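Enquirer: What follows is query-v5.pdb, made up of PDB, C-alpha atoms:
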```pdb
ATOM      1  CA  MET A  70       0.000   0.000   0.000
ATOM      2  CA  THR A  71       1.284   3.440  -0.941
ATOM      3  CA  ASP A  72       1.732   5.926   1.884
ATOM      4  CA  THR A  73       0.187   9.415   1.813
ATOM      5  CA  ARG A  74       3.507  11.182   1.184
ATOM      6  CA  THR A  75       4.156   9.036  -1.904
ATOM      7  CA  LYS A  76       0.598   9.591  -3.169
ATOM      8  CA  ILE A  77       1.102  13.354  -2.806
ATOM      9  CA  LEU A  78       4.388  13.200  -4.723
ATOM     10  CA  ASP A  79       2.894  10.992  -7.443
ATOM     11  CA  SER A  80      -0.068  13.313  -7.878
ATOM     12  CA  ALA A  81       2.077  16.454  -7.880
ATOM     13  CA  GLU A  82       4.449  14.960 -10.442
ATOM     14  CA  GLU A  83       1.590  14.029 -12.750
ATOM     15  CA  LEU A  84       0.043  17.485 -12.394
ATOM     16  CA  ILE A  85       3.313  19.315 -13.078
ATOM     17  CA  GLN A  86       3.969  17.144 -16.118
ATOM     18  CA  SER A  87       0.442  17.784 -17.403
ATOM     19  CA  VAL A  88      -0.285  21.426 -16.534
ATOM     20  CA  GLY A  89       3.004  22.884 -15.273
ATOM     21  CA  MET A  90       4.354  23.760 -11.859
ATOM     22  CA  ASN A  91       2.740  27.164 -11.458
ATOM     23  CA  ALA A  92      -0.671  25.858 -12.545
ATOM     24  CA  MET A  93      -0.518  23.017 -10.018
ATOM     25  CA  SER A  94      -1.923  23.779  -6.570
ATOM     26  CA  TYR A  95      -2.312  21.979  -3.268
ATOM     27  CA  LYS A  96      -6.075  22.024  -3.978
ATOM     28  CA  HIS A  97      -5.472  20.011  -7.169
ATOM     29  CA  ILE A  98      -3.373  17.530  -5.210
ATOM     30  CA  SER A  99      -5.884  17.243  -2.362
ATOM     31  CA  ASP A 100      -8.680  16.558  -4.858
ATOM     32  CA  ALA A 101      -6.601  13.956  -6.710
ATOM     33  CA  VAL A 102      -5.406  12.156  -3.569
ATOM     34  CA  GLY A 103      -8.623  12.593  -1.584
ATOM     35  CA  ILE A 104      -7.083  14.321   1.428
ATOM     36  CA  ARG A 105      -7.319  17.774   2.989
ATOM     37  CA  LYS A 106      -4.848  20.482   1.988
ATOM     38  CA  ALA A 107      -3.690  20.563   5.611
ATOM     39  CA  SER A 108      -2.436  16.997   5.188
ATOM     40  CA  ILE A 109      -0.293  18.087   2.255
ATOM     41  CA  HIS A 110       1.095  21.002   4.279
ATOM     42  CA  HIS A 111       1.973  18.511   7.027
ATOM     43  CA  HIS A 112       4.294  16.668   4.618
ATOM     44  CA  PHE A 113       5.356  19.682   2.519
ATOM     45  CA  PRO A 114       4.866  22.986   4.382
ATOM     46  CA  LYS A 115       5.719  25.084   1.295
ATOM     47  CA  LYS A 116       5.356  24.380  -2.401
ATOM     48  CA  HIS A 117       9.124  24.574  -2.856
ATOM     49  CA  ASP A 118       9.516  21.743  -0.317
ATOM     50  CA  LEU A 119       7.348  19.607  -2.574
ATOM     51  CA  VAL A 120       9.216  20.681  -5.724
ATOM     52  CA  ASN A 121      12.582  19.954  -4.097
ATOM     53  CA  GLU A 122      11.473  16.455  -3.127
ATOM     54  CA  LEU A 123      10.082  15.804  -6.615
ATOM     55  CA  LEU A 124      13.351  16.871  -8.230
ATOM     56  CA  LYS A 125      15.373  14.641  -5.908
ATOM     57  CA  ARG A 126      13.068  11.707  -6.603
ATOM     58  CA  CYS A 127      13.230  12.397 -10.340
ATOM     59  CA  GLN A 128      17.025  12.263 -10.351
ATOM     60  CA  VAL A 129      16.968   8.885  -8.656
ATOM     61  CA  SER A 130      14.256   7.269 -10.782
ATOM     62  CA  TYR A 131      15.158   8.720 -14.181
ATOM     63  CA  GLY A 132      18.877   8.689 -13.387
ATOM     64  CA  GLU A 133      18.670   4.941 -12.781
ATOM     65  CA  GLY A 134      16.686   4.449 -15.980
ATOM     66  CA  TYR A 135      19.145   6.490 -18.056
ATOM     67  CA  THR A 136      22.095   4.681 -16.458
ATOM     68  CA  SER A 137      20.529   1.317 -17.281
ATOM     69  CA  ILE A 138      20.327   2.319 -20.958
ATOM     70  CA  VAL A 139      23.824   3.830 -21.027
ATOM     71  CA  GLU A 140      25.474   0.838 -19.343
ATOM     72  CA  GLY A 141      23.816  -1.640 -21.710
ATOM     73  CA  GLN A 142      25.600  -3.517 -24.480
ATOM     74  CA  ASP A 143      24.098  -1.567 -27.406
ATOM     75  CA  SER A 144      25.972   0.699 -29.791
ATOM     76  CA  ALA A 145      25.967   4.421 -29.015
ATOM     77  CA  PRO A 146      23.368   5.283 -31.721
ATOM     78  CA  VAL A 147      21.005   2.613 -30.354
ATOM     79  CA  LYS A 148      21.459   4.028 -26.850
ATOM     80  CA  LEU A 149      20.597   7.526 -28.124
ATOM     81  CA  LYS A 150      17.442   6.068 -29.679
ATOM     82  CA  LYS A 151      16.523   4.377 -26.387
ATOM     83  CA  LEU A 152      17.086   7.606 -24.459
ATOM     84  CA  ALA A 153      14.829   9.384 -26.951
ATOM     85  CA  GLY A 154      12.304   6.608 -26.359
ATOM     86  CA  VAL A 155      12.021   7.609 -22.694
ATOM     87  CA  PHE A 156      10.947  11.100 -23.767
ATOM     88  CA  GLN A 157       8.678   9.738 -26.514
ATOM     89  CA  HIS A 158       6.951   7.512 -23.947
ATOM     90  CA  GLY A 159       6.380  10.574 -21.742
ATOM     91  CA  LEU A 160       4.901  12.395 -24.709
ATOM     92  CA  ALA A 161       2.595   9.441 -25.439
ATOM     93  CA  SER A 162       1.420   9.597 -21.816
ATOM     94  CA  ASN A 163       0.965  13.393 -22.050
ATOM     95  CA  LYS A 164       3.624  13.802 -19.358
ATOM     96  CA  LEU A 165       6.457  16.148 -20.141
ATOM     97  CA  CYS A 166       9.892  15.628 -18.647
ATOM     98  CA  LEU A 167       9.649  16.850 -15.044
ATOM     99  CA  VAL A 168      12.968  18.697 -15.297
ATOM    100  CA  GLY A 169      11.790  20.355 -18.515
ATOM    101  CA  SER A 170       8.424  21.273 -17.027
ATOM    102  CA  ILE A 171       9.957  22.778 -13.903
ATOM    103  CA  SER A 172      12.677  24.517 -15.933
ATOM    104  CA  THR A 173      10.027  26.541 -17.747
ATOM    105  CA  ASP A 174       9.046  28.011 -14.363
ATOM    106  CA  LYS A 175      12.638  28.639 -13.178
ATOM    107  CA  ASN A 176      12.051  32.355 -12.630
ATOM    108  CA  THR A 177       9.520  31.559  -9.916
ATOM    109  CA  LEU A 178      11.559  28.867  -8.128
ATOM    110  CA  GLN A 179      13.214  29.238  -4.756
ATOM    111  CA  GLU A 180      17.021  29.183  -4.808
ATOM    112  CA  SER A 181      17.107  25.705  -3.244
ATOM    113  CA  SER A 182      14.924  24.362  -6.064
ATOM    114  CA  CYS A 183      17.114  26.025  -8.700
ATOM    115  CA  LEU A 184      20.199  24.357  -7.239
ATOM    116  CA  ILE A 185      18.562  20.916  -7.251
ATOM    117  CA  LEU A 186      17.290  21.500 -10.798
ATOM    118  CA  GLU A 187      20.785  22.444 -11.974
ATOM    119  CA  LYS A 188      22.223  19.363 -10.245
ATOM    120  CA  ASN A 189      19.648  17.154 -12.023
ATOM    121  CA  ILE A 190      20.626  18.593 -15.387
ATOM    122  CA  THR A 191      24.335  18.227 -14.637
ATOM    123  CA  ASN A 192      23.885  14.616 -13.506
ATOM    124  CA  THR A 193      21.824  13.759 -16.586
ATOM    125  CA  VAL A 194      24.389  15.348 -18.895
ATOM    126  CA  THR A 195      27.106  13.320 -17.147
ATOM    127  CA  ILE A 196      25.146  10.113 -17.755
ATOM    128  CA  PHE A 197      24.411  10.998 -21.414
ATOM    129  CA  SER A 198      28.093  11.960 -21.931
ATOM    130  CA  LYS A 199      29.062   8.311 -21.559
ATOM    131  CA  VAL A 200      27.121   7.498 -24.735
ATOM    132  CA  PHE A 201      28.979  10.173 -26.674
ATOM    133  CA  LYS A 202      32.313   8.963 -25.286
ATOM    134  CA  GLN A 203      31.428   5.426 -26.359
ATOM    135  CA  GLY A 204      30.344   6.685 -29.779
ATOM    136  CA  LYS A 205      33.632   8.510 -30.261
ATOM    137  CA  GLU A 206      35.629   5.431 -29.199
ATOM    138  CA  GLU A 207      33.687   3.029 -31.430
ATOM    139  CA  LYS A 208      33.618   5.643 -34.222
ATOM    140  CA  SER A 209      29.821   5.431 -34.489
ATOM    141  CA  LEU A 210      29.180   9.082 -33.516
ATOM    142  CA  SER A 211      30.749  12.292 -34.743
ATOM    143  CA  PHE A 212      30.281  15.698 -33.117
ATOM    144  CA  ILE A 213      32.006  18.998 -32.540
ATOM    145  CA  GLY A 214      33.109  19.799 -28.998
ATOM    146  CA  THR A 215      33.316  17.608 -25.937
ATOM    147  CA  GLU A 216      31.204  14.616 -25.028
ATOM    148  CA  SER A 217      29.603  16.742 -22.320
ATOM    149  CA  GLU A 218      28.683  19.494 -24.787
ATOM    150  CA  ALA A 219      27.150  16.949 -27.175
ATOM    151  CA  ALA A 220      25.228  15.364 -24.278
ATOM    152  CA  TYR A 221      23.934  18.780 -23.178
ATOM    153  CA  ALA A 222      22.817  19.515 -26.740
ATOM    154  CA  TYR A 223      21.064  16.133 -26.991
ATOM    155  CA  LEU A 224      19.283  16.514 -23.642
ATOM    156  CA  SER A 225      18.197  20.033 -24.622
ATOM    157  CA  PHE A 226      16.952  18.712 -27.957
ATOM    158  CA  LEU A 227      14.919  15.945 -26.282
ATOM    159  CA  ILE A 228      13.287  18.264 -23.740
ATOM    160  CA  GLY A 229      12.566  20.999 -26.277
ATOM    161  CA  THR A 230      11.268  18.630 -28.924
ATOM    162  CA  GLN A 231       9.022  16.917 -26.405
ATOM    163  CA  ILE A 232       7.469  20.284 -25.514
ATOM    164  CA  VAL A 233       7.013  21.314 -29.151
ATOM    165  CA  ALA A 234       5.677  17.896 -30.209
ATOM    166  CA  ARG A 235       3.092  18.083 -27.462
ATOM    167  CA  ALA A 236       1.728  21.229 -29.094
ATOM    168  CA  HIS A 237       2.272  20.166 -32.708
ATOM    169  CA  GLY A 238       3.133  16.888 -34.357
ATOM    170  CA  GLY A 239       2.887  14.444 -31.488
ATOM    171  CA  GLU A 240       4.801  11.202 -31.257
ATOM    172  CA  LYS A 241       5.230  10.781 -34.995
ATOM    173  CA  LEU A 242       7.102  14.066 -35.459
ATOM    174  CA  PHE A 243       9.028  13.546 -32.195
ATOM    175  CA  GLU A 244      10.260  10.199 -33.493
ATOM    176  CA  LYS A 245      11.153  11.665 -36.896
ATOM    177  CA  ALA A 246      13.021  14.567 -35.285
ATOM    178  CA  SER A 247      14.905  12.157 -33.000
ATOM    179  CA  GLU A 248      15.902   9.983 -35.943
ATOM    180  CA  THR A 249      17.118  13.077 -37.813
ATOM    181  CA  VAL A 250      19.302  14.257 -34.914
ATOM    182  CA  ILE A 251      20.703  10.790 -34.207
ATOM    183  CA  SER A 252      21.481  10.425 -37.902
ATOM    184  CA  ALA A 253      23.330  13.769 -37.816
ATOM    185  CA  PHE A 254      25.513  12.441 -34.975
ATOM    186  CA  LYS A 255      26.374   9.223 -36.813
ATOM    187  CA  SER A 256      29.858   9.010 -38.314
TER     188      SER A 256
END
```
Since I need it in another form, could you write the structure as structure tokens?
Expert:
Amino acid sequence: MTDTRTKILDSAEELIQSVGMNAMSYKHISDAVGIRKASIHHHFPKKHDLVNELLKRCQVSYGEGYTSIVEGQDSAPVKLKKLAGVFQHGLASNKLCLVGSISTDKNTLQESSCLILEKNITNTVTIFSKVFKQGKEEKSLSFIGTESEAAYAYLSFLIGTQIVARAHGGEKLFEKASETVISAFKS
């Protein structure tokens, strides 16, 4: 059985991915979970406490998923396709990347949330960099700059394309755009 704190986090994550952080309220969460707003405030006194916890949880869950792909036996281009698949699956579920969703509201975040957000991005770029390093070593990927710069560009592409595809083109255009970018990286 899922505890109340986890239900609150699950509901908040789904709401942020669907409507954005600033549009999500404790009222929305209380309605979705079936508890009073006071119960949410018990676990997360301020909205930034909730956001901070979501970002930390996101880094663990998605970080493990990305690492699983990156440490697999596939070639670098196949790994890039699988990483894109994570974002395409989110798009299919109408759930934008949590880091991307929260990033769009960065100007309204508390400093502590900004620091955790930046750490998430840095950690994800570090994980993605391993694919570009592998691609350079196996001569399956070609890019200008460092592995880290290529990984940052690819992560930015995935987040941005997911947002745009949600508004126009959907999964089909997301997949086509991903194939185009991966093809551009191939040696």
Enquirer: Let me know the residues the PyMOL selection byres ((chain A and resi 152-155) around 9) catches in the file above, as a ChimeraX atom specification.
Expert: /A:134-135,138-139,147-151,156-160,197,227,243-244,247
Enquirer: Write out as a count of residues only which residues come within 7 Å of Ser256 of chain A when counting only C-alpha atoms, dropping same-chain ones fewer than 3 positions away.
Expert: 4
Enquirer: Could you list the residues chosen by the PyMOL selection byres ((chain A and resi 174-187) around 10) in this structure as a compact mmCIF listing (two decimals) with C-alpha atoms, in the frame of the given file?
Expert:
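Resulting contents of out_30.txt:
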```
# COMPACT_ATOMS: atom_id res chain seq x y z
CA GLY A 89 3.00 22.88 -15.27
CA MET A 90 4.35 23.76 -11.86
CA ASN A 91 2.74 27.16 -11.46
CA LYS A 116 5.36 24.38 -2.40
CA HIS A 117 9.12 24.57 -2.86
CA ASP A 118 9.52 21.74 -0.32
CA LEU A 119 7.35 19.61 -2.57
CA VAL A 120 9.22 20.68 -5.72
CA ASN A 121 12.58 19.95 -4.10
CA GLU A 122 11.47 16.45 -3.13
CA LEU A 123 10.08 15.80 -6.62
CA LEU A 124 13.35 16.87 -8.23
CA LYS A 125 15.37 14.64 -5.91
CA CYS A 127 13.23 12.40 -10.34
CA GLN A 128 17.02 12.26 -10.35
CA LEU A 167 9.65 16.85 -15.04
CA VAL A 168 12.97 18.70 -15.30
CA GLY A 169 11.79 20.36 -18.52
CA SER A 170 8.42 21.27 -17.03
CA ILE A 171 9.96 22.78 -13.90
CA SER A 172 12.68 24.52 -15.93
CA THR A 173 10.03 26.54 -17.75
CA LYS A 188 22.22 19.36 -10.24
CA ASN A 189 19.65 17.15 -12.02
CA ILE A 190 20.63 18.59 -15.39
CA THR A 191 24.34 18.23 -14.64
CA ASN A 192 23.88 14.62 -13.51
CA THR A 193 21.82 13.76 -16.59
```
Enquirer: Would you mind telling me which residue in A:Ser162, A:Ser108, A:Thr71, A:Ser99 lies nearest to Arg235 of chain A when using only C-alpha atoms?
Expert: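 The answer is A:Ser162, which sits nearest to Arg235 of chain A.
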Enquirer: Just how far from atom CA of Glu133 of chain A is atom CA of Ala101 of chain A, in Å to one decimal?
Expert: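 Between atom CA of Ala101 of chain A and atom CA of Glu133 of chain A the gap is 27.5 Å.
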Enquirer: Considering only C-alpha atoms, state which residue in the set A:His237, A:Lys164, A:Arg74, A:Lys245 is at the smallest distance from His112 of chain A.
Expert: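 For His112 of chain A, the nearest of the given residues is A:Arg74.
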Enquirer: Fix up segment 116-137 of chain A with N, CA, C and O atoms, then write it as a short mmCIF file (atom, residue, chain, number, x, y, z; two decimals), in the coordinates of the input.
Expert:
```cif
data_model
loop_
_atom_site.label_atom_id
_atom_site.label_comp_id
_atom_site.auth_asym_id
_atom_site.auth_seq_id
_atom_site.Cartn_x
_atom_site.Cartn_y
_atom_site.Cartn_z
N LYS A 116 5.34 25.00 -1.08
CA LYS A 116 5.36 24.38 -2.40
C LYS A 116 6.79 24.04 -2.82
O LYS A 116 7.03 23.00 -3.44
N HIS A 117 7.75 24.88 -2.45
CA HIS A 117 9.12 24.57 -2.86
C HIS A 117 9.66 23.32 -2.16
O HIS A 117 10.52 22.63 -2.70
N ASP A 118 9.13 22.99 -0.97
CA ASP A 118 9.52 21.74 -0.32
C ASP A 118 9.07 20.55 -1.16
O ASP A 118 9.82 19.57 -1.32
N LEU A 119 7.89 20.65 -1.71
CA LEU A 119 7.35 19.61 -2.57
C LEU A 119 8.16 19.52 -3.87
O LEU A 119 8.55 18.42 -4.30
N VAL A 120 8.44 20.65 -4.48
CA VAL A 120 9.22 20.68 -5.72
C VAL A 120 10.61 20.10 -5.50
O VAL A 120 11.10 19.30 -6.31
N ASN A 121 11.25 20.48 -4.40
CA ASN A 121 12.58 19.95 -4.10
C ASN A 121 12.56 18.43 -3.99
O ASN A 121 13.43 17.74 -4.54
N GLU A 122 11.57 17.91 -3.29
CA GLU A 122 11.47 16.45 -3.13
C GLU A 122 11.20 15.77 -4.46
O GLU A 122 11.75 14.70 -4.74
N LEU A 123 10.36 16.37 -5.29
CA LEU A 123 10.08 15.80 -6.62
C LEU A 123 11.35 15.76 -7.47
O LEU A 123 11.60 14.77 -8.16
N LEU A 124 12.12 16.83 -7.44
CA LEU A 124 13.35 16.87 -8.23
C LEU A 124 14.36 15.82 -7.75
O LEU A 124 15.02 15.17 -8.56
N LYS A 125 14.46 15.66 -6.45
CA LYS A 125 15.37 14.64 -5.91
C LYS A 125 14.92 13.24 -6.32
O LYS A 125 15.72 12.40 -6.73
N ARG A 126 13.63 13.01 -6.23
CA ARG A 126 13.07 11.71 -6.60
C ARG A 126 13.25 11.45 -8.10
O ARG A 126 13.58 10.34 -8.52
N CYS A 127 13.08 12.49 -8.89
CA CYS A 127 13.23 12.40 -10.34
C CYS A 127 14.66 11.99 -10.70
O CYS A 127 14.87 11.12 -11.56
N GLN A 128 15.63 12.59 -10.04
CA GLN A 128 17.02 12.26 -10.35
C GLN A 128 17.32 10.80 -10.06
O GLN A 128 18.03 10.14 -10.80
N VAL A 129 16.75 10.30 -8.99
CA VAL A 129 16.97 8.88 -8.66
C VAL A 129 16.29 7.99 -9.69
O VAL A 129 16.92 7.13 -10.30
N SER A 130 14.99 8.19 -9.91
CA SER A 130 14.26 7.27 -10.78
C SER A 130 14.70 7.37 -12.24
O SER A 130 15.02 6.35 -12.87
N TYR A 131 14.74 8.58 -12.78
CA TYR A 131 15.16 8.72 -14.18
C TYR A 131 16.65 8.49 -14.33
O TYR A 131 17.10 7.91 -15.32
N GLY A 132 17.43 8.93 -13.34
CA GLY A 132 18.88 8.69 -13.39
C GLY A 132 19.19 7.21 -13.48
O GLY A 132 20.05 6.78 -14.27
N GLU A 133 18.47 6.40 -12.72
CA GLU A 133 18.67 4.94 -12.78
C GLU A 133 18.25 4.39 -14.14
O GLU A 133 18.92 3.52 -14.70
N GLY A 134 17.14 4.90 -14.66
CA GLY A 134 16.69 4.45 -15.98
C GLY A 134 17.66 4.82 -17.08
O GLY A 134 17.98 3.99 -17.95
N TYR A 135 18.16 6.06 -17.05
CA TYR A 135 19.14 6.49 -18.06
C TYR A 135 20.42 5.66 -17.93
O TYR A 135 21.00 5.23 -18.92
N THR A 136 20.87 5.45 -16.69
CA THR A 136 22.10 4.68 -16.46
C THR A 136 21.95 3.26 -16.98
O THR A 136 22.88 2.71 -17.58
N SER A 137 20.78 2.67 -16.78
CA SER A 137 20.53 1.32 -17.28
C SER A 137 20.69 1.26 -18.80
O SER A 137 21.29 0.32 -19.33
#
```
